[in-house]
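Inspection log for the structure reproduced underneath, given as structure tokens.
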Amino acid sequence: MLRSILTLTTASWLCFPAFAQERPIFDAHIHYSHDAVDLVPPEQVAKILRDAGVRKALVSSSDDNGTQLLLAAAPDIVVPALRPYSRRGAIGTWMHDPKVIDYLETNLAKNTYHAIGEFHAYGDDIKTPVVQRLIALARENDLLLHHHGDREALDLIFEAWPQARVLWAHSGFANPQEVVDALNTHPKLWADLAYRSDMASRGEVDPDWRAAFIAHPDRFMVGTDTFAPERWYYVNEHSNFSRDWLAKLPDELADNIAFANAERMLAIK
């Protein structure tokens with residue numbers, strides 16, 4: 001059933017005008033996991049990203065094969081990240097599985113990455129030997145950590161590695177004041193807003209979020225989070241939604257959140 005839905009929607013994806021959007025997007029939260037690979041070929045995914053005006057995308061997958069296939073199809077767009085999951089469904093158990101370390105070390109030895117993650121870890125999960133080794137590998141390879149979890153876990157990551165660069169996944173679902181406090185506390189923490197759908201209402205950006213963006217104009221970025229194959233249907237829609245609410249901010253701030261912050265965070269142009 002899903003295959004037929006995706007087949008039907010493929011035509012609509014490809015009918016979107018490949019507009020040369022005024023504001024490019026660096027999508028900081030993209031997955032192309034094995035179930036998406038089975039349904040949407042990498043060349044088609046690359047076209048979806050191009051048609052959406054996505055200039056760069058931080059891409060990870062379960063397993064890493066999807067990232068490598070998409071990197072080969074769109075090397076000008078894909079910024080590869082390594083997830084610790086060899087298959088979907090390990091988000092609650094991976095931190096107790098020593099085989100994860102072999103998986104990470106093997107892939108780091110043969111491929112080039114800019115980040116480790118997105119990985120899920122909450123509270124004392126960070127203290128497990130597996131997560132501590134993941135952090136050590138990021139330090140050894142000078143990689144960003146793309147972390148999905150709570151504030152306690154964030155603090156423990158920086159306790160383990162004070163110089164870490166960390167992208168906080170889905171921070172847009174937290175209270176903006178809490179996000180600002182975390183950014184105040186950790187100078188090398190950034191916040192991805194995937195995949196917030198109500199950032200703006202009544203023609204204006206939420207005032208609390210606007211204040212957060214102004215307080216830290218260099219620390220926020222957008223993301224779609226294609227966590228399931230059907231999410232690829234929303235890449236174009238989400239990119240245009242992001243442009244719409246970003247247009248309600250001052251131009252420099254909007255450009256920062258749309259693409260410049262992610263480029264600086266990852267030292268990519």
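Going through the structure tokens in order, the chains are called A, B, and so on, while each chain numbers its residues from 1 and the ligands are numbered from 1 in the order shown.
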Please provide the set of residues having any atom within 9 Å of segment 235-241 of chain A, restricted to only C-alpha atoms, with same-chain residues fewer than 5 positions apart removed, written as a PDB file with C-alpha atoms, in the first residue's frame.
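Once everything was written out, this is selection-v7.pdb:
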ATOM      1  CA  TRP A  13       6.863  15.667  -6.363  1.00  0.00           C
ATOM      2  CA  PHE A  16       6.796  20.977  -8.445  1.00  0.00           C
ATOM      3  CA  PRO A  24      18.317  28.408  -0.205  1.00  0.00           C
ATOM      4  CA  ILE A  25      17.929  25.852   2.550  1.00  0.00           C
ATOM      5  CA  ASP A  27      18.330  21.009   5.820  1.00  0.00           C
ATOM      6  CA  ILE A  48      13.373  16.021  -4.629  1.00  0.00           C
ATOM      7  CA  LEU A  49      16.072  17.894  -2.711  1.00  0.00           C
ATOM      8  CA  ASP A  51      13.529  20.851  -6.629  1.00  0.00           C
ATOM      9  CA  ALA A  52      12.949  21.940  -3.029  1.00  0.00           C
ATOM     10  CA  GLY A  53      15.900  24.332  -3.219  1.00  0.00           C
ATOM     11  CA  VAL A  54      17.867  22.384  -0.605  1.00  0.00           C
ATOM     12  CA  TYR A 195      10.123  19.506  12.201  1.00  0.00           C
ATOM     13  CA  SER A 197       4.970  23.070  11.888  1.00  0.00           C
ATOM     14  CA  VAL A 222      15.842  24.183  10.025  1.00  0.00           C
ATOM     15  CA  GLY A 223      15.293  20.483   9.339  1.00  0.00           C
ATOM     16  CA  THR A 224      12.628  18.257   7.795  1.00  0.00           C
ATOM     17  CA  ASP A 225      13.369  14.901   9.524  1.00  0.00           C
ATOM     18  CA  THR A 226      12.505  12.285   6.898  1.00  0.00           C
ATOM     19  CA  LEU A 246      11.687  32.975   7.840  1.00  0.00           C
TER      20      LEU A 246
END
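Nearest residue to Val78 of chain A among A:Ser62, A:Thr93, A:Thr112, A:Thr106 is A:Thr112, counting only C-alpha atoms.
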> Which residues in segment 66-243 of chain A does DSSP call helix (DSSP H, G or I)? List them as an MDAnalysis selection string.
Replying inline: chainID A and resid 66:73 94:96 99:110 123:127 129:141 151:160 171:173 176:185 207:215 229:243
> Nearest to Asp218 of chain A among A:Ala258, A:Ile30, A:Leu134, A:Ala200, with distances taken over only C-alpha atoms: which residue is it?
Replying inline: A:Ala258
>> as a list in words, please: every residue in segment 65-254 of chain A that a backbone DSSP assignment puts in strand (DSSP E or B).
In response: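 Result set for segment 65-254 of chain A (strand (DSSP E or B)): Val78, Val79, Pro80, Ala81, Leu82, Ala115, Ile116, Gly117, Glu118, Phe119, His120, Leu144, Leu145, His146, His147, His148, Val166, Leu167, Trp168, Leu189, Trp190, Ala191, Asp192, Ala200, Ser201, Glu204, Val205, Phe220 and Met221 of chain A.
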Writing out the chosen residues with N, CA and C atoms as a short mmCIF file (atom, residue, chain, number, x, y, z; two decimals), in the first residue's frame:
data_model
loop_
_atom_site.label_atom_id
_atom_site.label_comp_id
_atom_site.auth_asym_id
_atom_site.auth_seq_id
_atom_site.Cartn_x
_atom_site.Cartn_y
_atom_site.Cartn_z
N VAL A 78 24.85 16.44 -0.26
CA VAL A 78 24.87 15.60 0.93
C VAL A 78 26.08 15.88 1.81
N VAL A 79 25.80 16.14 3.07
CA VAL A 79 26.82 16.24 4.12
C VAL A 79 26.61 15.01 5.00
N PRO A 80 27.46 14.00 4.89
CA PRO A 80 27.16 12.71 5.52
C PRO A 80 27.41 12.70 7.02
N ALA A 81 26.48 12.06 7.73
CA ALA A 81 26.60 11.80 9.16
C ALA A 81 26.40 10.30 9.38
N LEU A 82 27.00 9.78 10.45
CA LEU A 82 26.94 8.35 10.74
C LEU A 82 26.06 8.10 11.96
N ALA A 115 29.59 14.29 10.97
CA ALA A 115 28.87 14.20 12.25
C ALA A 115 28.62 12.75 12.60
N ILE A 116 28.37 12.50 13.88
CA ILE A 116 27.81 11.24 14.35
C ILE A 116 26.41 11.53 14.87
N GLY A 117 25.43 10.79 14.38
CA GLY A 117 24.05 10.99 14.77
C GLY A 117 23.17 10.99 13.55
N GLU A 118 21.97 11.27 13.71
CA GLU A 118 21.25 11.57 14.92
C GLU A 118 21.18 10.33 15.82
N PHE A 119 21.48 10.50 17.10
CA PHE A 119 21.37 9.40 18.04
C PHE A 119 20.46 9.82 19.20
N HIS A 120 19.71 8.86 19.72
CA HIS A 120 18.75 9.09 20.81
C HIS A 120 19.37 8.67 22.13
N LEU A 144 30.90 16.59 14.67
CA LEU A 144 29.72 17.10 15.36
C LEU A 144 28.92 15.93 15.93
N LEU A 145 28.27 16.14 17.07
CA LEU A 145 27.34 15.16 17.63
C LEU A 145 25.92 15.67 17.41
N HIS A 146 25.11 14.90 16.69
CA HIS A 146 23.70 15.26 16.45
C HIS A 146 22.86 14.45 17.43
N HIS A 147 22.42 15.13 18.49
CA HIS A 147 21.84 14.45 19.64
C HIS A 147 20.34 14.70 19.75
N HIS A 148 19.58 13.63 19.93
CA HIS A 148 18.14 13.69 20.19
C HIS A 148 17.94 13.24 21.64
N VAL A 166 27.74 20.19 19.40
CA VAL A 166 26.51 19.39 19.51
C VAL A 166 25.37 20.11 18.83
N LEU A 167 24.65 19.39 17.98
CA LEU A 167 23.40 19.87 17.38
C LEU A 167 22.25 19.17 18.10
N TRP A 168 21.39 19.95 18.74
CA TRP A 168 20.27 19.42 19.53
C TRP A 168 19.09 19.21 18.60
N LEU A 189 26.82 24.60 21.38
CA LEU A 189 25.55 23.91 21.15
C LEU A 189 24.75 24.68 20.11
N TRP A 190 24.19 23.94 19.14
CA TRP A 190 23.28 24.51 18.15
C TRP A 190 21.92 23.81 18.26
N ALA A 191 20.90 24.39 17.67
CA ALA A 191 19.54 23.89 17.83
C ALA A 191 18.89 23.68 16.47
N ASP A 192 18.48 22.44 16.16
CA ASP A 192 17.70 22.23 14.94
C ASP A 192 16.22 22.25 15.29
N ALA A 200 5.06 29.86 13.03
CA ALA A 200 4.43 31.15 12.76
C ALA A 200 2.92 31.00 12.74
N SER A 201 2.22 32.01 13.22
CA SER A 201 0.77 32.04 13.17
C SER A 201 0.32 33.48 13.06
N GLU A 204 2.83 36.10 11.86
CA GLU A 204 4.03 36.47 12.60
C GLU A 204 4.69 35.24 13.23
N VAL A 205 6.00 35.33 13.40
CA VAL A 205 6.71 34.28 14.13
C VAL A 205 6.34 34.37 15.61
N PHE A 220 20.57 28.62 15.42
CA PHE A 220 19.38 27.87 15.03
C PHE A 220 19.43 27.49 13.56
N MET A 221 18.76 26.38 13.21
CA MET A 221 18.68 25.94 11.82
C MET A 221 17.45 25.08 11.61
#
